[in-house]
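Single-structure report; data block below.
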Amino acid sequence: MIIAQHHGIPTRCLDFSISPLVALHFALTNNNQDENAAVWAINHNLLHNELLPQRYKDVLVQHSAVSFTIEMLEYMSISIDDYNKDMANLSVVFLEPPSIDDRITNQFSHFVILPNELDPMDDFLDNLAIDKAVYKFIIPRDTKPYFRKQLDTMNITERILFPGLDGIAAYLKRRYYFNG
């Protein structure tokens with residue numbers, strides 16, 4: 001499911017990055033150029049501590065972790081039905097995927113596993129009442145080219161985030177399409 005998500009196949013996973021610059025890259029790349037962009041800063045440790053059912057918290061404590069791993073979820077022996085019931089529309093699990101390909105590593109990937117009742121994620125985050133758990137940064141549409149140029153100078157580009165020919169092609173397409 002992790003590899004499928006990274007290659008554009010719809011799954012229950014939502015991509016996140018623990019790098020604010022990588023998150024900004026995706027916010028600027030994956031939206032309408034005539035609209036503002038947004039980057040969410042989420043303290044997932046705080047969300048886990050405040051919102052997760054106790055048995056999930058216990059596993060995090062037992063492993064001295066702030067994010068779940070595939071192995072931790074397997075250890076819990078939960079089905080997707082169990083997960084949907086446990087989370088309902090009240091919480092989510094943040095998952096640190098194994099570094100099984102360069103995309104995951106270069107994008108500092110994390111995933112949220114969305115339960116059936118919690119969609120869209122933006123509404124969930126907008127309505128959280130936990131102080132200092134979530135911040136939404138709006139990038140006004142007229143400043144997006146400036147931010148994009150700054151990311152390019154820091155080498156936060158498709159060439160790095162999508163290693164291989166697909167990343168080079170996406171970078172060249174964006175660069176020469178928008179810069180004429």
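Ordering of the structure tokens sets the chain letters (A, B, ...); residue numbers start at 1 within each chain; ligands are numbered from 1 in the order shown.
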For the interface of range 65-128 of chain A with range 162-166 of chain A (cut-off 10 Å, counting only C-alpha atoms), please tabulate each contacting residue of range 65-128 of chain A alongside its nearest pair of atoms and their separation in Å to one decimal, rows sorted by chain and increasing number, as CSV.
```
residue,atom,partner,partner_atom,distance
A:Asp101,CA,A:Pro163,CA,9.5
A:Asp102,CA,A:Pro163,CA,6.6
A:Arg103,CA,A:Phe162,CA,5.6
A:Ile104,CA,A:Phe162,CA,9.1
A:Asn106,CA,A:Phe162,CA,7.9
A:Gln107,CA,A:Phe162,CA,8.4
```
Please, could you write that set of residues out with N, CA and C atoms as a CSV table (one decimal), in the first residue's frame?
```csv
chain,number,residue,atom,x,y,z
A,101,ASP,N,12.4,2.3,-0.6
A,101,ASP,CA,12.8,2.9,-1.9
A,101,ASP,C,13.3,4.3,-1.6
A,102,ASP,N,13.9,4.9,-2.6
A,102,ASP,CA,14.5,6.2,-2.5
A,102,ASP,C,13.5,7.3,-2.3
A,103,ARG,N,12.3,7.1,-2.9
A,103,ARG,CA,11.3,8.2,-2.7
A,103,ARG,C,10.9,8.3,-1.3
A,104,ILE,N,10.7,7.2,-0.6
A,104,ILE,CA,10.3,7.3,0.8
A,104,ILE,C,11.4,8.0,1.6
A,106,ASN,N,14.0,10.0,0.5
A,106,ASN,CA,14.2,11.4,0.1
A,106,ASN,C,13.1,12.4,0.4
A,107,GLN,N,11.9,11.8,0.5
A,107,GLN,CA,10.7,12.7,0.9
A,107,GLN,C,10.5,12.7,2.4
```
Quiz prompt | Residues within 10 Å of Pro98 in chain A, only C-alpha atoms, excluding chain neighbours under 3 positions, as a ChimeraX atom specification | solution = /A:2,69-71,95,101,104-105,109-110
Keeping only C-alpha atoms, write those residues as a PDB file, in the first residue's frame.
```pdb
ATOM      1  CA  ILE A   2       2.896   2.372   0.781  1.00  0.00           C
ATOM      2  CA  THR A  69       5.798   1.208  12.166  1.00  0.00           C
ATOM      3  CA  ILE A  70       4.416  -1.645  10.099  1.00  0.00           C
ATOM      4  CA  GLU A  71       5.827  -4.074  12.671  1.00  0.00           C
ATOM      5  CA  LEU A  95       2.992   5.653  10.269  1.00  0.00           C
ATOM      6  CA  ASP A 101      12.800   2.909  -1.883  1.00  0.00           C
ATOM      7  CA  ILE A 104      10.339   7.295   0.820  1.00  0.00           C
ATOM      8  CA  THR A 105      13.796   8.225   2.077  1.00  0.00           C
ATOM      9  CA  SER A 109       7.790  10.200   4.303  1.00  0.00           C
ATOM     10  CA  HIS A 110       5.186   9.581   6.925  1.00  0.00           C
TER      11      HIS A 110
END
```
Self-check item: Who sits within 10 Å of Pro145 in chain A, only C-alpha atoms, same chain under 4 positions skipped, as a VMD selection string
Solution: chain A and resid 28 33 141 149 to 151 178
Mind writing the picked residues with N, CA and C atoms as an mmCIF file, in the first residue's frame?
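Result file again-v4.cif:
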```cif
data_model
loop_
_atom_site.group_PDB
_atom_site.id
_atom_site.type_symbol
_atom_site.label_atom_id
_atom_site.label_comp_id
_atom_site.auth_asym_id
_atom_site.auth_seq_id
_atom_site.Cartn_x
_atom_site.Cartn_y
_atom_site.Cartn_z
ATOM 1 N N LEU A 28 3.118 23.456 -3.252
ATOM 2 C CA LEU A 28 3.254 24.349 -4.404
ATOM 3 C C LEU A 28 3.079 23.623 -5.735
ATOM 4 N N GLN A 33 -2.687 26.881 -9.822
ATOM 5 C CA GLN A 33 -1.811 28.050 -9.718
ATOM 6 C C GLN A 33 -2.552 29.331 -9.348
ATOM 7 N N ARG A 141 -1.261 32.964 -3.310
ATOM 8 C CA ARG A 141 -0.990 32.561 -4.695
ATOM 9 C C ARG A 141 0.043 33.452 -5.377
ATOM 10 N N LYS A 149 10.936 29.225 -6.375
ATOM 11 C CA LYS A 149 12.316 29.545 -6.773
ATOM 12 C C LYS A 149 13.285 29.277 -5.625
ATOM 13 N N GLN A 150 12.881 29.621 -4.426
ATOM 14 C CA GLN A 150 13.735 29.366 -3.258
ATOM 15 C C GLN A 150 13.947 27.865 -3.046
ATOM 16 N N LEU A 151 12.887 27.080 -3.195
ATOM 17 C CA LEU A 151 13.033 25.627 -3.072
ATOM 18 C C LEU A 151 13.968 25.073 -4.145
ATOM 19 N N PHE A 178 6.703 26.545 -16.944
ATOM 20 C CA PHE A 178 6.348 27.760 -16.206
ATOM 21 C C PHE A 178 7.330 28.896 -16.417
#
```
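Taking CA of Phe124 in chain A and CA of His48 in chain A as endpoints, the distance between them is 14.1 Å.
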Quiz item: Where does DSSP see helix (DSSP H, G or I) in range 16-167 of chain A, if you list the residues as a PyMOL selection string?
Solution: chain A and resi 20-29+44-51+54-62+70-76+80-87+102-106+121-126+141-153+158-161+165-167
